[in-house]
>>> print(open('data_7.pdb').read())   # PDB, C-alpha atoms, pLDDT in the B column
ATOM      1  CA  MET W   1     -43.432 -89.379-160.709  1.00 87.00           C
ATOM      2  CA  TYR W   2     -47.217 -89.461-160.726  1.00 90.00           C
ATOM      3  CA  ASP W   3     -48.632 -87.663-163.761  1.00 92.00           C
ATOM      4  CA  LYS W   4     -52.423 -87.436-164.131  1.00 91.00           C
ATOM      5  CA  ASN W   5     -51.914 -85.918-167.611  1.00 93.00           C
ATOM      6  CA  ILE W   6     -50.771 -89.284-168.968  1.00 96.00           C
ATOM      7  CA  SER W   7     -53.861 -91.244-169.911  1.00 96.00           C
ATOM      8  CA  LEU W   8     -54.189 -94.933-169.194  1.00 97.00           C
ATOM      9  CA  PHE W   9     -54.935 -95.448-172.884  1.00 97.00           C
ATOM     10  CA  ASP W  10     -51.679 -93.659-173.803  1.00 97.00           C
ATOM     11  CA  LEU W  11     -49.751 -95.935-171.417  1.00 97.00           C
ATOM     12  CA  PHE W  12     -51.369 -98.978-173.030  1.00 98.00           C
ATOM     13  CA  LEU W  13     -50.737 -97.814-176.615  1.00 97.00           C
ATOM     14  CA  THR W  14     -47.148 -96.753-175.956  1.00 97.00           C
ATOM     15  CA  PHE W  15     -46.222-100.082-174.423  1.00 96.00           C
ATOM     16  CA  ALA W  16     -48.195-101.983-177.070  1.00 96.00           C
ATOM     17  CA  LYS W  17     -46.085-100.195-179.684  1.00 94.00           C
ATOM     18  CA  VAL W  18     -42.904-101.181-177.851  1.00 92.00           C
ATOM     19  CA  GLY W  19     -44.115-104.769-177.561  1.00 91.00           C
ATOM     20  CA  ALA W  20     -45.113-104.954-181.224  1.00 90.00           C
ATOM     21  CA  MET W  21     -41.900-103.440-182.561  1.00 83.00           C
ATOM     22  CA  THR W  22     -39.351-105.510-180.723  1.00 75.00           C
ATOM     23  CA  PHE W  23     -38.272-109.095-180.817  1.00 70.00           C
ATOM     24  CA  GLY W  24     -35.900-110.797-178.453  1.00 67.00           C
ATOM     25  CA  GLY W  25     -37.087-109.829-175.012  1.00 69.00           C
ATOM     26  CA  GLY W  26     -36.065-107.229-172.463  1.00 68.00           C
ATOM     27  CA  TYR W  27     -32.581-106.175-173.512  1.00 73.00           C
ATOM     28  CA  ALA W  28     -33.463-106.210-177.204  1.00 74.00           C
ATOM     29  CA  MET W  29     -36.317-103.844-176.334  1.00 79.00           C
ATOM     30  CA  LEU W  30     -33.981-101.277-174.791  1.00 80.00           C
ATOM     31  CA  PRO W  31     -33.443 -99.189-177.963  1.00 82.00           C
ATOM     32  CA  VAL W  32     -37.187 -99.069-178.676  1.00 86.00           C
ATOM     33  CA  ILE W  33     -38.008 -98.274-175.049  1.00 88.00           C
ATOM     34  CA  GLU W  34     -35.404 -95.488-175.097  1.00 87.00           C
ATOM     35  CA  LYS W  35     -36.836 -93.998-178.273  1.00 90.00           C
ATOM     36  CA  GLU W  36     -40.459 -94.148-177.130  1.00 93.00           C
ATOM     37  CA  LEU W  37     -40.240 -93.392-173.415  1.00 94.00           C
ATOM     38  CA  ILE W  38     -37.210 -91.104-173.253  1.00 93.00           C
ATOM     39  CA  ASP W  39     -36.918 -89.371-176.622  1.00 94.00           C
ATOM     40  CA  LYS W  40     -40.565 -89.143-177.735  1.00 95.00           C
ATOM     41  CA  LYS W  41     -42.696 -89.188-174.574  1.00 96.00           C
ATOM     42  CA  LYS W  42     -40.082 -87.795-172.158  1.00 95.00           C
ATOM     43  CA  TRP W  43     -41.597 -89.923-169.416  1.00 95.00           C
ATOM     44  CA  MET W  44     -38.206 -90.883-168.006  1.00 94.00           C
ATOM     45  CA  THR W  45     -34.468 -90.282-168.267  1.00 91.00           C
ATOM     46  CA  ARG W  46     -31.817 -92.765-169.399  1.00 87.00           C
ATOM     47  CA  GLN W  47     -30.726 -93.072-165.777  1.00 87.00           C
ATOM     48  CA  ASP W  48     -34.332 -93.875-164.773  1.00 91.00           C
ATOM     49  CA  LEU W  49     -34.419 -96.581-167.433  1.00 88.00           C
ATOM     50  CA  MET W  50     -31.135 -98.062-166.228  1.00 85.00           C
ATOM     51  CA  ASP W  51     -32.527 -98.095-162.681  1.00 88.00           C
ATOM     52  CA  PHE W  52     -35.786 -99.707-163.829  1.00 89.00           C
ATOM     53  CA  PHE W  53     -33.858-102.363-165.742  1.00 84.00           C
ATOM     54  CA  ALA W  54     -31.689-103.045-162.683  1.00 83.00           C
ATOM     55  CA  VAL W  55     -34.750-103.493-160.447  1.00 86.00           C
ATOM     56  CA  SER W  56     -36.492-105.550-163.140  1.00 84.00           C
ATOM     57  CA  GLN W  57     -33.472-107.829-163.420  1.00 78.00           C
ATOM     58  CA  VAL W  58     -33.592-108.823-159.751  1.00 79.00           C
ATOM     59  CA  THR W  59     -37.347-109.269-159.461  1.00 83.00           C
ATOM     60  CA  PRO W  60     -39.241-112.309-160.746  1.00 85.00           C
ATOM     61  CA  GLY W  61     -40.633-112.004-164.252  1.00 84.00           C
ATOM     62  CA  VAL W  62     -39.738-110.709-167.664  1.00 85.00           C
ATOM     63  CA  ILE W  63     -37.624-107.533-167.738  1.00 85.00           C
ATOM     64  CA  ALA W  64     -39.810-105.675-170.247  1.00 86.00           C
ATOM     65  CA  VAL W  65     -43.003-106.521-168.362  1.00 91.00           C
ATOM     66  CA  ASN W  66     -41.452-105.496-165.037  1.00 92.00           C
ATOM     67  CA  THR W  67     -40.236-102.234-166.570  1.00 91.00           C
ATOM     68  CA  ALA W  68     -43.692-101.499-168.000  1.00 94.00           C
ATOM     69  CA  SER W  69     -45.293-102.295-164.653  1.00 95.00           C
ATOM     70  CA  LEU W  70     -42.861-100.054-162.762  1.00 95.00           C
ATOM     71  CA  LEU W  71     -43.229 -97.093-165.097  1.00 95.00           C
ATOM     72  CA  GLY W  72     -47.007 -97.524-165.256  1.00 96.00           C
ATOM     73  CA  TYR W  73     -47.131 -97.539-161.476  1.00 97.00           C
ATOM     74  CA  GLN W  74     -44.845 -94.514-161.234  1.00 96.00           C
ATOM     75  CA  LYS W  75     -46.993 -92.506-163.637  1.00 97.00           C
ATOM     76  CA  ARG W  76     -50.550 -93.622-162.753  1.00 97.00           C
ATOM     77  CA  ARG W  77     -50.267 -96.010-159.797  1.00 97.00           C
ATOM     78  CA  ILE W  78     -52.107 -99.389-159.868  1.00 97.00           C
ATOM     79  CA  LEU W  79     -54.219 -98.753-162.975  1.00 97.00           C
ATOM     80  CA  GLY W  80     -51.195 -97.354-164.791  1.00 97.00           C
ATOM     81  CA  SER W  81     -49.251-100.485-163.943  1.00 97.00           C
ATOM     82  CA  ILE W  82     -52.077-102.700-165.215  1.00 98.00           C
ATOM     83  CA  PHE W  83     -52.517-100.777-168.481  1.00 98.00           C
ATOM     84  CA  ALA W  84     -48.786-100.578-169.219  1.00 97.00           C
ATOM     85  CA  THR W  85     -48.361-104.288-168.475  1.00 97.00           C
ATOM     86  CA  LEU W  86     -51.298-105.258-170.677  1.00 97.00           C
ATOM     87  CA  GLY W  87     -49.899-103.033-173.421  1.00 97.00           C
ATOM     88  CA  ILE W  88     -46.455-104.667-173.394  1.00 94.00           C
ATOM     89  CA  ILE W  89     -47.810-108.237-173.434  1.00 94.00           C
ATOM     90  CA  ALA W  90     -50.764-107.847-175.826  1.00 95.00           C
ATOM     91  CA  PRO W  91     -48.692-107.877-179.052  1.00 93.00           C
ATOM     92  CA  SER W  92     -46.800-110.996-177.944  1.00 89.00           C
ATOM     93  CA  VAL W  93     -50.007-112.838-177.124  1.00 91.00           C
ATOM     94  CA  ILE W  94     -51.487-111.927-180.504  1.00 93.00           C
ATOM     95  CA  ILE W  95     -48.316-112.754-182.462  1.00 87.00           C
ATOM     96  CA  ILE W  96     -47.691-116.093-180.749  1.00 86.00           C
ATOM     97  CA  THR W  97     -51.330-117.060-181.258  1.00 89.00           C
ATOM     98  CA  LEU W  98     -51.053-116.297-184.988  1.00 86.00           C
ATOM     99  CA  ILE W  99     -47.793-118.247-185.198  1.00 81.00           C
ATOM    100  CA  ALA W 100     -49.390-121.205-183.461  1.00 81.00           C
ATOM    101  CA  LEU W 101     -52.368-121.082-185.788  1.00 83.00           C
ATOM    102  CA  PHE W 102     -50.660-120.538-189.131  1.00 79.00           C
ATOM    103  CA  LEU W 103     -46.923-121.154-189.041  1.00 72.00           C
ATOM    104  CA  THR W 104     -47.058-124.651-187.636  1.00 69.00           C
ATOM    105  CA  LYS W 105     -49.953-125.571-189.906  1.00 72.00           C
ATOM    106  CA  TYR W 106     -48.544-124.335-193.228  1.00 69.00           C
ATOM    107  CA  LEU W 107     -44.767-124.537-192.967  1.00 71.00           C
ATOM    108  CA  SER W 108     -42.660-127.655-192.709  1.00 73.00           C
ATOM    109  CA  ALA W 109     -40.590-128.238-189.596  1.00 75.00           C
ATOM    110  CA  GLU W 110     -37.379-127.751-191.619  1.00 80.00           C
ATOM    111  CA  ILE W 111     -38.432-124.317-192.928  1.00 80.00           C
ATOM    112  CA  THR W 112     -39.650-123.307-189.477  1.00 76.00           C
ATOM    113  CA  ASP W 113     -36.307-124.343-187.928  1.00 79.00           C
ATOM    114  CA  ARG W 114     -34.327-122.308-190.480  1.00 84.00           C
ATOM    115  CA  LEU W 115     -36.625-119.333-189.959  1.00 81.00           C
ATOM    116  CA  PHE W 116     -36.177-119.355-186.184  1.00 80.00           C
ATOM    117  CA  ASN W 117     -32.419-119.930-186.440  1.00 86.00           C
ATOM    118  CA  SER W 118     -32.153-116.782-188.570  1.00 88.00           C
ATOM    119  CA  ILE W 119     -34.351-114.813-186.197  1.00 83.00           C
ATOM    120  CA  ARG W 120     -32.176-115.887-183.223  1.00 85.00           C
ATOM    121  CA  ILE W 121     -29.096-114.389-184.910  1.00 88.00           C
ATOM    122  CA  CYS W 122     -30.894-111.079-185.407  1.00 84.00           C
ATOM    123  CA  VAL W 123     -32.110-111.103-181.808  1.00 80.00           C
ATOM    124  CA  ALA W 124     -28.545-111.738-180.571  1.00 83.00           C
ATOM    125  CA  ALA W 125     -27.365-108.667-182.495  1.00 83.00           C
ATOM    126  CA  LEU W 126     -30.185-106.561-181.001  1.00 79.00           C
ATOM    127  CA  ILE W 127     -29.284-107.695-177.489  1.00 79.00           C
ATOM    128  CA  VAL W 128     -25.580-106.883-177.975  1.00 82.00           C
ATOM    129  CA  HIS W 129     -26.572-103.434-179.287  1.00 80.00           C
ATOM    130  CA  ALA W 130     -28.836-102.856-176.294  1.00 76.00           C
ATOM    131  CA  LEU W 131     -26.095-103.684-173.784  1.00 81.00           C
ATOM    132  CA  PHE W 132     -23.692-100.911-174.834  1.00 82.00           C
ATOM    133  CA  PRO W 133     -25.492 -98.176-172.827  1.00 79.00           C
ATOM    134  CA  PHE W 134     -25.107-100.341-169.709  1.00 78.00           C
ATOM    135  CA  PHE W 135     -21.348-100.549-170.284  1.00 83.00           C
ATOM    136  CA  LYS W 136     -21.052 -96.790-170.860  1.00 83.00           C
ATOM    137  CA  LYS W 137     -23.032 -95.892-167.735  1.00 81.00           C
ATOM    138  CA  GLY W 138     -21.968 -98.813-165.554  1.00 84.00           C
ATOM    139  CA  ILE W 139     -18.228 -99.192-166.018  1.00 90.00           C
ATOM    140  CA  ILE W 140     -17.001 -95.823-164.841  1.00 90.00           C
ATOM    141  CA  ASN W 141     -13.838 -96.610-162.898  1.00 93.00           C
ATOM    142  CA  ILE W 142     -11.428 -99.392-161.952  1.00 94.00           C
ATOM    143  CA  PHE W 143     -13.730-100.668-159.192  1.00 94.00           C
ATOM    144  CA  THR W 144     -16.728-101.087-161.515  1.00 93.00           C
ATOM    145  CA  ALA W 145     -14.533-102.663-164.224  1.00 94.00           C
ATOM    146  CA  ALA W 146     -13.142-105.118-161.668  1.00 95.00           C
ATOM    147  CA  LEU W 147     -16.631-105.854-160.328  1.00 94.00           C
ATOM    148  CA  PHE W 148     -17.877-106.484-163.861  1.00 93.00           C
ATOM    149  CA  THR W 149     -14.994-108.865-164.581  1.00 95.00           C
ATOM    150  CA  LEU W 150     -15.400-110.674-161.267  1.00 95.00           C
ATOM    151  CA  SER W 151     -19.150-111.000-161.834  1.00 94.00           C
ATOM    152  CA  LEU W 152     -18.582-112.592-165.233  1.00 93.00           C
ATOM    153  CA  ILE W 153     -16.067-115.046-163.795  1.00 95.00           C
ATOM    154  CA  ILE W 154     -18.319-115.975-160.876  1.00 94.00           C
ATOM    155  CA  TYR W 155     -21.346-116.390-163.118  1.00 94.00           C
ATOM    156  CA  PHE W 156     -19.689-118.508-165.783  1.00 94.00           C
ATOM    157  CA  ALA W 157     -17.407-120.518-163.498  1.00 96.00           C
ATOM    158  CA  PHE W 158     -19.937-121.291-160.766  1.00 94.00           C
ATOM    159  CA  ARG W 159     -23.323-120.645-162.423  1.00 91.00           C
ATOM    160  CA  VAL W 160     -24.391-118.495-159.472  1.00 90.00           C
ATOM    161  CA  SER W 161     -27.980-117.285-159.512  1.00 87.00           C
ATOM    162  CA  PRO W 162     -28.268-113.809-161.103  1.00 84.00           C
ATOM    163  CA  ALA W 163     -30.156-112.626-158.004  1.00 82.00           C
ATOM    164  CA  LEU W 164     -27.259-113.670-155.749  1.00 88.00           C
ATOM    165  CA  LEU W 165     -24.797-112.056-158.130  1.00 91.00           C
ATOM    166  CA  VAL W 166     -26.710-108.764-158.004  1.00 87.00           C
ATOM    167  CA  LEU W 167     -26.780-108.944-154.201  1.00 89.00           C
ATOM    168  CA  PHE W 168     -23.017-109.607-154.212  1.00 92.00           C
ATOM    169  CA  CYS W 169     -22.424-106.548-156.416  1.00 92.00           C
ATOM    170  CA  ALA W 170     -24.674-104.387-154.235  1.00 90.00           C
ATOM    171  CA  LEU W 171     -22.806-105.515-151.133  1.00 94.00           C
ATOM    172  CA  ALA W 172     -19.465-104.844-152.833  1.00 94.00           C
ATOM    173  CA  ALA W 173     -20.631-101.322-153.729  1.00 92.00           C
ATOM    174  CA  ILE W 174     -21.728-100.673-150.145  1.00 93.00           C
ATOM    175  CA  ILE W 175     -18.374-101.884-148.806  1.00 94.00           C
ATOM    176  CA  GLU W 176     -16.473 -99.818-151.370  1.00 93.00           C
ATOM    177  CA  ASP W 177     -18.494 -96.726-150.451  1.00 91.00           C
ATOM    178  CA  SER W 178     -17.847 -97.316-146.733  1.00 92.00           C
ATOM    179  CA  LEU W 179     -14.132 -97.650-147.346  1.00 91.00           C
ATOM    180  CA  LYS W 180     -14.094 -94.407-149.349  1.00 89.00           C
ATOM    181  CA  ARG W 181     -15.930 -92.560-146.573  1.00 89.00           C
ATOM    182  CA  LYS W 182     -13.499 -93.855-143.933  1.00 88.00           C
ATOM    183  CA  SER W 183     -10.472 -92.806-145.991  1.00 86.00           C
ATOM    184  CA  VAL W 184     -11.889 -89.282-146.365  1.00 81.00           C
ATOM    185  CA  LYS W 185     -12.236 -88.877-142.586  1.00 72.00           C
TER     186      LYS W 185
END
>>> encode(input="data_7.pdb", output="structure tokens")
Amino acid sequence: MYDKNISLFDLFLTFAKVGAMTFGGGYAMLPVIEKELIDKKKWMTRQDLMDFFAVSQVTPGVIAVNTASLLGYQKRRILGSIFATLGIIAPSVIIITLIALFLTKYLSAEITDRLFNSIRICVAALIVHALFPFFKKGIINIFTAALFTLSLIIYFAFRVSPALLVLFCALAAIIEDSLKRKSVK
């Protein structure tokens, strides 16, 4: 919720730290976001973060930027959203500019390719690590396990848009909840 004690500068610096310390995008950022925003700053709970990631997944844009914008808005409204968003993207802009200036100028294409291939492997490991909390919190019963499995099948077999898949899962949860309520009555 709104917290006037959190400075705009603190929002910027916190998200700049997250942006500077993580490679691989939104899900790879999850462990760093957890450490900074939940453990150190206590600005949110793990459930809040899961909810922010869920909303960020179904809205246009990059997950980490959407999460920063949402939390910034929650804590300090429009200016908080702007400062948090600028904080999360500033390190990437600086790093990619330096890479464009120096890496492509001084390293051969072969060395650059090997470098990025190695980095991709590390990023894949970070993403897999970041997904475990979603499994622990998300798959809690037979229904959610079945929904997870069905979602994977639908996605890989039919290449359904992630937004449609999320809507399908939300609808399935609503139907399941309605059926539970009717059986209780």
>>> closest_residue(input="data_7.pdb", among="W:Cys169, W:Ile89, W:Asp39, W:Ile96", to="Gly138 of chain W", atoms="all atoms listed in the file")
W:Cys169
>>> resolve_selection(input="data_7.pdb", expression="the PyMOL selection byres ((chain W and resi 85) around 10)", output="list in words")
Leu11, Phe12, Phe15, Ala16, Ala64, Val65, Asn66, Thr67, Ala68, Ser69, Leu70, Leu71, Gly72, Tyr73, Leu79, Gly80, Ser81, Ile82, Phe83, Ala84, Leu86, Gly87, Ile88, Ile89 and Ala90 of chain W
>>> resolve_selection(input="data_7.pdb", expression="the PyMOL selection byres ((chain W and resi 44-47) around 12)", output="ChimeraX atom specification")
/W:1-3,30-31,33-43,48-54,67-68,70-72,74-75,133-134,136-138
>>> atom_distance(input="data_7.pdb", atom1="atom CA of Asp10 of chain W", atom2="atom CA of Ala100 of chain W")
29.3 Å
>>> atom_distance(input="data_7.pdb", atom1="atom CA of Asn141 of chain W", atom2="atom CA of Ser178 of chain W")
16.7 Å
>>> residues_around(input="data_7.pdb", residues="Phe143 of chain W", least_positions_apart="4", cutoff="10 Å", atoms="only C-alpha atoms", output="VMD selection string")
chain W and resid 139 147 to 149 172 to 173 176
>>> atom_distance(input="data_7.pdb", atom1="atom CA of Pro162 of chain W", atom2="atom CA of Ser56 of chain W")
11.8 Å
>>> residues_around(input="data_7.pdb", residues="segment 115-122 of chain W", least_positions_apart="4", cutoff="10 Å", atoms="all atoms listed in the file", output="list in words")
Phe23, Gly24, Ala28, Ala109, Glu110, Ile111, Leu126 and Ile127 of chain W
>>> closest_residue(input="data_7.pdb", among="W:Leu98, W:Ala163, W:Phe132, W:Arg76", to="Leu8 of chain W", atoms="all atoms listed in the file")
W:Arg76
>>> closest_residue(input="data_7.pdb", among="W:Thr22, W:Ser161, W:Ser151, W:Ser7", to="Pro91 of chain W", atoms="only C-alpha atoms")
W:Thr22
>>> closest_residue(input="data_7.pdb", among="W:Ile95, W:Met29, W:Asn5, W:Leu13", to="Ala125 of chain W", atoms="only C-alpha atoms")
W:Met29
